[in-house]
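Shown below: coords.cif, with mmCIF, C-alpha atoms and all ligand atoms; chains and numbers go by the auth columns.
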data_model
loop_
_atom_site.group_PDB
_atom_site.id
_atom_site.type_symbol
_atom_site.label_atom_id
_atom_site.label_comp_id
_atom_site.label_asym_id
_atom_site.label_seq_id
_atom_site.Cartn_x
_atom_site.Cartn_y
_atom_site.Cartn_z
_atom_site.B_iso_or_equiv
_atom_site.auth_seq_id
_atom_site.auth_asym_id
ATOM 1 C CA MET A 1 14.189 -0.026 19.805 0.00 1 A
ATOM 2 C CA THR A 2 13.355 -3.617 18.988 0.00 2 A
ATOM 3 C CA GLU A 3 15.763 -5.696 16.923 0.00 3 A
ATOM 4 C CA ALA A 4 13.199 -5.877 14.102 0.00 4 A
ATOM 5 C CA ALA A 5 12.959 -2.081 13.840 0.00 5 A
ATOM 6 C CA ARG A 6 16.713 -1.477 14.032 0.00 6 A
ATOM 7 C CA PRO A 7 17.828 0.388 10.892 0.00 7 A
ATOM 8 C CA GLU A 8 19.974 -1.327 8.278 0.00 8 A
ATOM 9 C CA PRO A 9 22.357 0.506 5.950 0.00 9 A
ATOM 10 C CA ILE A 10 20.130 1.804 3.177 0.00 10 A
ATOM 11 C CA SER A 11 21.118 1.280 -0.436 0.00 11 A
ATOM 12 C CA ARG A 12 18.043 2.607 -2.262 0.00 12 A
ATOM 13 C CA VAL A 13 14.798 4.488 -1.730 0.00 13 A
ATOM 14 C CA GLY A 14 11.616 4.660 -3.790 0.00 14 A
ATOM 15 C CA ILE A 15 8.396 6.635 -3.778 0.00 15 A
ATOM 16 C CA GLY A 16 4.871 5.462 -4.548 0.00 16 A
ATOM 17 C CA TYR A 17 1.504 7.133 -5.002 0.00 17 A
ATOM 18 C CA ASP A 18 -1.937 5.801 -5.764 0.00 18 A
ATOM 19 C CA LEU A 19 -5.511 7.016 -5.894 0.00 19 A
ATOM 20 C CA HIS A 20 -8.763 5.145 -6.368 0.00 20 A
ATOM 21 C CA ARG A 21 -12.224 6.426 -6.998 0.00 21 A
ATOM 22 C CA LEU A 22 -14.737 5.346 -4.325 0.00 22 A
ATOM 23 C CA GLU A 23 -18.247 4.200 -5.157 0.00 23 A
ATOM 24 C CA PRO A 24 -21.149 2.993 -3.029 0.00 24 A
ATOM 25 C CA GLY A 25 -21.624 -0.732 -2.632 0.00 25 A
ATOM 26 C CA ARG A 26 -17.982 -1.739 -2.994 0.00 26 A
ATOM 27 C CA LYS A 27 -15.765 -3.227 -0.298 0.00 27 A
ATOM 28 C CA LEU A 28 -13.193 -0.877 1.160 0.00 28 A
ATOM 29 C CA ILE A 29 -9.947 -2.830 1.292 0.00 29 A
ATOM 30 C CA LEU A 30 -6.993 -0.898 2.632 0.00 30 A
ATOM 31 C CA GLY A 31 -3.645 -2.178 3.816 0.00 31 A
ATOM 32 C CA GLY A 32 -4.837 -5.706 3.162 0.00 32 A
ATOM 33 C CA ILE A 33 -7.840 -5.583 5.471 0.00 33 A
ATOM 34 C CA GLU A 34 -11.515 -4.838 4.931 0.00 34 A
ATOM 35 C CA LEU A 35 -12.914 -1.754 6.640 0.00 35 A
ATOM 36 C CA ALA A 36 -16.536 -0.911 7.323 0.00 36 A
ATOM 37 C CA ALA A 37 -17.444 1.893 4.927 0.00 37 A
ATOM 38 C CA GLU A 38 -20.280 3.030 2.695 0.00 38 A
ATOM 39 C CA ARG A 39 -18.031 3.303 -0.342 0.00 39 A
ATOM 40 C CA GLY A 40 -15.170 1.270 -1.709 0.00 40 A
ATOM 41 C CA PRO A 41 -12.567 1.624 -4.426 0.00 41 A
ATOM 42 C CA VAL A 42 -13.147 1.060 -8.098 0.00 42 A
ATOM 43 C CA GLY A 43 -10.283 -1.013 -9.411 0.00 43 A
ATOM 44 C CA HIS A 44 -9.250 -4.041 -11.426 0.00 44 A
ATOM 45 C CA SER A 45 -7.806 -5.761 -8.349 0.00 45 A
ATOM 46 C CA ASP A 46 -9.268 -5.092 -4.902 0.00 46 A
ATOM 47 C CA GLY A 47 -8.289 -1.425 -5.330 0.00 47 A
ATOM 48 C CA ASP A 48 -6.113 -1.295 -2.212 0.00 48 A
ATOM 49 C CA ALA A 49 -4.535 2.145 -2.655 0.00 49 A
ATOM 50 C CA LEU A 50 -2.159 1.719 0.279 0.00 50 A
ATOM 51 C CA ALA A 51 -0.836 -1.639 -0.914 0.00 51 A
ATOM 52 C CA HIS A 52 -0.448 -0.208 -4.429 0.00 52 A
ATOM 53 C CA ALA A 53 1.505 2.837 -3.235 0.00 53 A
ATOM 54 C CA ILE A 54 3.800 0.609 -1.182 0.00 54 A
ATOM 55 C CA CYS A 55 4.248 -1.744 -4.115 0.00 55 A
ATOM 56 C CA ASP A 56 5.269 1.140 -6.372 0.00 56 A
ATOM 57 C CA ALA A 57 7.668 2.493 -3.739 0.00 57 A
ATOM 58 C CA LEU A 58 9.353 -0.912 -3.477 0.00 58 A
ATOM 59 C CA LEU A 59 9.537 -1.419 -7.244 0.00 59 A
ATOM 60 C CA GLY A 60 10.902 2.106 -7.623 0.00 60 A
ATOM 61 C CA ALA A 61 13.576 1.534 -5.004 0.00 61 A
ATOM 62 C CA ALA A 62 14.640 -1.650 -6.768 0.00 62 A
ATOM 63 C CA GLY A 63 14.685 0.026 -10.190 0.00 63 A
ATOM 64 C CA LEU A 64 11.984 -2.327 -11.397 0.00 64 A
ATOM 65 C CA GLY A 65 9.562 0.130 -12.927 0.00 65 A
ATOM 66 C CA ASP A 66 6.039 0.262 -11.594 0.00 66 A
ATOM 67 C CA ILE A 67 3.006 -1.742 -10.580 0.00 67 A
ATOM 68 C CA GLY A 68 1.310 -1.278 -13.958 0.00 68 A
ATOM 69 C CA THR A 69 4.220 -2.970 -15.713 0.00 69 A
ATOM 70 C CA HIS A 70 4.240 -6.043 -13.486 0.00 70 A
ATOM 71 C CA PHE A 71 0.533 -6.358 -12.674 0.00 71 A
ATOM 72 C CA PRO A 72 -1.306 -4.674 -15.568 0.00 72 A
ATOM 73 C CA ASP A 73 -4.993 -3.920 -15.098 0.00 73 A
ATOM 74 C CA THR A 74 -5.570 -5.263 -18.599 0.00 74 A
ATOM 75 C CA ASP A 75 -4.614 -8.777 -17.456 0.00 75 A
ATOM 76 C CA PRO A 76 -7.636 -10.856 -16.358 0.00 76 A
ATOM 77 C CA LYS A 77 -5.258 -12.771 -14.071 0.00 77 A
ATOM 78 C CA TRP A 78 -5.286 -9.844 -11.615 0.00 78 A
ATOM 79 C CA LYS A 79 -9.030 -9.180 -11.705 0.00 79 A
ATOM 80 C CA GLY A 80 -10.434 -9.001 -8.183 0.00 80 A
ATOM 81 C CA VAL A 81 -7.258 -10.372 -6.567 0.00 81 A
ATOM 82 C CA SER A 82 -5.974 -9.256 -3.192 0.00 82 A
ATOM 83 C CA SER A 83 -3.298 -6.631 -3.668 0.00 83 A
ATOM 84 C CA LEU A 84 -1.313 -8.415 -0.974 0.00 84 A
ATOM 85 C CA LEU A 85 -0.454 -10.808 -3.783 0.00 85 A
ATOM 86 C CA PHE A 86 1.303 -7.931 -5.585 0.00 86 A
ATOM 87 C CA LEU A 87 3.337 -7.298 -2.460 0.00 87 A
ATOM 88 C CA GLU A 88 4.226 -10.992 -2.167 0.00 88 A
ATOM 89 C CA ARG A 89 5.376 -11.066 -5.798 0.00 89 A
ATOM 90 C CA THR A 90 7.293 -7.824 -5.360 0.00 90 A
ATOM 91 C CA ALA A 91 9.025 -9.138 -2.227 0.00 91 A
ATOM 92 C CA ALA A 92 10.087 -12.199 -4.216 0.00 92 A
ATOM 93 C CA MET A 93 11.524 -9.986 -6.981 0.00 93 A
ATOM 94 C CA LEU A 94 13.493 -8.021 -4.385 0.00 94 A
ATOM 95 C CA ALA A 95 14.786 -11.197 -2.749 0.00 95 A
ATOM 96 C CA GLU A 96 15.957 -12.515 -6.135 0.00 96 A
ATOM 97 C CA ARG A 97 18.118 -9.405 -6.387 0.00 97 A
ATOM 98 C CA GLY A 98 19.473 -9.656 -2.854 0.00 98 A
ATOM 99 C CA LEU A 99 17.454 -6.660 -1.670 0.00 99 A
ATOM 100 C CA ARG A 100 15.695 -6.435 1.701 0.00 100 A
ATOM 101 C CA VAL A 101 12.960 -4.082 2.852 0.00 101 A
ATOM 102 C CA ALA A 102 14.588 -1.886 5.472 0.00 102 A
ATOM 103 C CA TRP A 103 11.743 0.541 6.033 0.00 103 A
ATOM 104 C CA ILE A 104 8.360 1.632 4.706 0.00 104 A
ATOM 105 C CA ASP A 105 6.572 4.830 5.628 0.00 105 A
ATOM 106 C CA ALA A 106 3.174 5.632 4.161 0.00 106 A
ATOM 107 C CA VAL A 107 0.338 8.090 4.477 0.00 107 A
ATOM 108 C CA VAL A 108 -3.279 7.495 3.492 0.00 108 A
ATOM 109 C CA ILE A 109 -5.425 10.488 2.558 0.00 109 A
ATOM 110 C CA ALA A 110 -9.082 9.761 3.208 0.00 110 A
ATOM 111 C CA GLU A 111 -11.966 11.635 4.765 0.00 111 A
ATOM 112 C CA HIS A 112 -13.591 8.445 6.124 0.00 112 A
ATOM 113 C CA PRO A 113 -13.356 6.136 7.953 0.00 113 A
ATOM 114 C CA LYS A 114 -11.006 6.837 10.843 0.00 114 A
ATOM 115 C CA LEU A 115 -7.932 4.727 10.095 0.00 115 A
ATOM 116 C CA GLY A 116 -5.748 4.931 13.189 0.00 116 A
ATOM 117 C CA PRO A 117 -7.513 2.106 15.050 0.00 117 A
ATOM 118 C CA HIS A 118 -6.862 -0.214 12.068 0.00 118 A
ATOM 119 C CA PHE A 119 -3.173 0.496 11.530 0.00 119 A
ATOM 120 C CA SER A 120 -2.009 -2.364 13.702 0.00 120 A
ATOM 121 C CA ALA A 121 -3.978 -4.926 11.655 0.00 121 A
ATOM 122 C CA MET A 122 -2.871 -3.281 8.376 0.00 122 A
ATOM 123 C CA ARG A 123 0.800 -3.366 9.372 0.00 123 A
ATOM 124 C CA GLU A 124 0.445 -7.041 10.276 0.00 124 A
ATOM 125 C CA ALA A 125 -1.179 -7.880 6.937 0.00 125 A
ATOM 126 C CA LEU A 126 1.272 -5.841 4.854 0.00 126 A
ATOM 127 C CA ALA A 127 4.292 -7.149 6.773 0.00 127 A
ATOM 128 C CA ARG A 128 3.132 -10.745 6.401 0.00 128 A
ATOM 129 C CA ALA A 129 2.803 -10.314 2.632 0.00 129 A
ATOM 130 C CA LEU A 130 6.275 -8.789 2.443 0.00 130 A
ATOM 131 C CA GLY A 131 7.893 -11.254 4.843 0.00 131 A
ATOM 132 C CA ILE A 132 9.142 -8.515 7.155 0.00 132 A
ATOM 133 C CA PRO A 133 8.438 -7.583 10.775 0.00 133 A
ATOM 134 C CA PRO A 134 5.542 -5.116 11.191 0.00 134 A
ATOM 135 C CA GLU A 135 7.969 -2.855 13.082 0.00 135 A
ATOM 136 C CA ARG A 136 9.435 -1.939 9.703 0.00 136 A
ATOM 137 C CA ILE A 137 6.216 -0.334 8.509 0.00 137 A
ATOM 138 C CA ASN A 138 4.922 3.038 9.670 0.00 138 A
ATOM 139 C CA LEU A 139 1.443 4.199 8.684 0.00 139 A
ATOM 140 C CA LYS A 140 -0.155 7.600 8.945 0.00 140 A
ATOM 141 C CA ALA A 141 -3.509 9.082 8.003 0.00 141 A
ATOM 142 C CA LYS A 142 -4.654 12.518 6.898 0.00 142 A
ATOM 143 C CA THR A 143 -7.978 13.915 5.887 0.00 143 A
ATOM 144 C CA ASN A 144 -8.101 16.342 2.975 0.00 144 A
ATOM 145 C CA GLU A 145 -9.854 18.961 5.099 0.00 145 A
ATOM 146 C CA ARG A 146 -13.093 18.221 3.200 0.00 146 A
ATOM 147 C CA LEU A 147 -11.593 19.760 0.060 0.00 147 A
ATOM 148 C CA GLY A 148 -11.775 18.305 -3.438 0.00 148 A
ATOM 149 C CA GLU A 149 -12.594 14.718 -4.407 0.00 149 A
ATOM 150 C CA LEU A 150 -10.628 13.274 -1.504 0.00 150 A
ATOM 151 C CA GLY A 151 -12.306 15.603 0.938 0.00 151 A
ATOM 152 C CA ARG A 152 -15.764 14.713 -0.351 0.00 152 A
ATOM 153 C CA GLY A 153 -15.040 11.023 0.134 0.00 153 A
ATOM 154 C CA GLU A 154 -15.159 10.362 -3.608 0.00 154 A
ATOM 155 C CA ALA A 155 -11.604 9.014 -3.679 0.00 155 A
ATOM 156 C CA ILE A 156 -8.876 7.618 -1.478 0.00 156 A
ATOM 157 C CA ALA A 157 -5.158 8.190 -1.984 0.00 157 A
ATOM 158 C CA ALA A 158 -1.929 6.922 -0.501 0.00 158 A
ATOM 159 C CA GLN A 159 1.720 7.886 -0.661 0.00 159 A
ATOM 160 C CA ALA A 160 4.607 5.677 0.382 0.00 160 A
ATOM 161 C CA VAL A 161 8.352 5.735 0.685 0.00 161 A
ATOM 162 C CA ALA A 162 10.361 2.528 0.829 0.00 162 A
ATOM 163 C CA ALA A 163 14.004 2.059 1.747 0.00 163 A
ATOM 164 C CA LEU A 164 15.882 -1.071 0.751 0.00 164 A
ATOM 165 C CA ALA A 165 19.040 -2.620 2.106 0.00 165 A
ATOM 166 C CA GLY A 166 21.398 -4.984 0.345 0.00 166 A
HETATM 167 MG MG MG B . -4.140 1.350 -7.628 0.00 201 A
#
I'd like the structure from this file rewritten - as structure tokens, please.
Amino acid sequence: MTEAARPEPISRVGIGYDLHRLEPGRKLILGGIELAAERGPVGHSDGDALAHAICDALLGAAGLGDIGTHFPDTDPKWKGVSSLLFLERTAAMLAERGLRVAWIDAVVIAEHPKLGPHFSAMREALARALGIPPERINLKAKTNERLGELGRGEAIAAQAVAALAG
């Protein structure tokens, strides 16, 4: 195990979930990178469901509420912004409280595109925004077995768990 991935004593954990509707002609941003796809998320920011789920997991672990409280979709300031900015701001809030990101595990539920080949770039982008080594982020992907909105490619969802030290 690399030094960066070595576990720290955990003080708190949090859970996050997000879902975005997908529509044709929009960019698919996921985990801070753009993927080639026919549909992309509808959202006030860039609609990055993975970044939003991670953000909520981190805020939850720190007892800081949720993403909607800190980055409301009614605020024009956040319109069209990269969701990596939310992660940067969240990391700063954690640091102010002496908390460190010990571990993040997340799963994306999407029928298309195939995500595995992009995980390395996503982990790099997410880790950079959070100021942590990419070894502290684990990503997984599932399809929804072609069932429901997720299975028809009409939406994308993500779940995340974050553990904090400090
Ligand atoms: Mg969202």
Near A:Leu35, within 12 Å and counting all atoms listed in the file, which residues show up once chain neighbours fewer than 6 positions away are dropped, as a PDB file with C-alpha atoms, keeping the file's coordinate frame?
ATOM      1  CA  ARG A  26     -17.982  -1.739  -2.994  1.00  0.00           C
ATOM      2  CA  LYS A  27     -15.765  -3.227  -0.298  1.00  0.00           C
ATOM      3  CA  LEU A  28     -13.193  -0.877   1.160  1.00  0.00           C
ATOM      4  CA  ILE A  29      -9.947  -2.830   1.292  1.00  0.00           C
ATOM      5  CA  PRO A  41     -12.567   1.624  -4.426  1.00  0.00           C
ATOM      6  CA  ASP A  48      -6.113  -1.295  -2.212  1.00  0.00           C
ATOM      7  CA  HIS A 112     -13.591   8.445   6.124  1.00  0.00           C
ATOM      8  CA  PRO A 113     -13.356   6.136   7.953  1.00  0.00           C
ATOM      9  CA  LYS A 114     -11.006   6.837  10.843  1.00  0.00           C
ATOM     10  CA  LEU A 115      -7.932   4.727  10.095  1.00  0.00           C
ATOM     11  CA  GLY A 116      -5.748   4.931  13.189  1.00  0.00           C
ATOM     12  CA  PRO A 117      -7.513   2.106  15.050  1.00  0.00           C
ATOM     13  CA  HIS A 118      -6.862  -0.214  12.068  1.00  0.00           C
ATOM     14  CA  PHE A 119      -3.173   0.496  11.530  1.00  0.00           C
ATOM     15  CA  ALA A 121      -3.978  -4.926  11.655  1.00  0.00           C
ATOM     16  CA  MET A 122      -2.871  -3.281   8.376  1.00  0.00           C
TER      17      MET A 122
END
Taking all atoms listed in the file into account, which residues have an atom no farther than 7 Å from ligand MG 201 (chain A)? I'd like them as a compact mmCIF listing (two decimals) with C-alpha atoms, keeping the file's coordinate frame.
# COMPACT_ATOMS: atom_id res chain seq x y z
CA ASP A 18 -1.94 5.80 -5.76
CA LEU A 19 -5.51 7.02 -5.89
CA HIS A 20 -8.76 5.14 -6.37
CA GLY A 43 -10.28 -1.01 -9.41
CA GLY A 47 -8.29 -1.42 -5.33
CA ASP A 48 -6.11 -1.30 -2.21
CA ALA A 49 -4.54 2.14 -2.66
CA HIS A 52 -0.45 -0.21 -4.43
Exercise. What residues come out when you apply the PyMOL selection byres (((chain A and resi 24) around 7) and not hetatm) to this file, written as a list in words?
Worked result: Leu22, Glu23, Gly25, Arg26, Glu38, Arg39 and Gly40 of chain A
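Closest to A:His44 among A:Ser83, A:Thr90, A:Asn138, A:Thr69 is A:Ser83, based on all atoms listed in the file.
Between atom CA of A:Tyr17 and atom CA of A:Ala160 the separation is 6.4 Å.
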Seminar exercise, completed: Residue with the minimum atom-to-atom distance to A:Gly60, picked from A:Ile132, A:Leu126, A:Val108, A:Val161 with all atoms listed in the file counted, is A:Val161
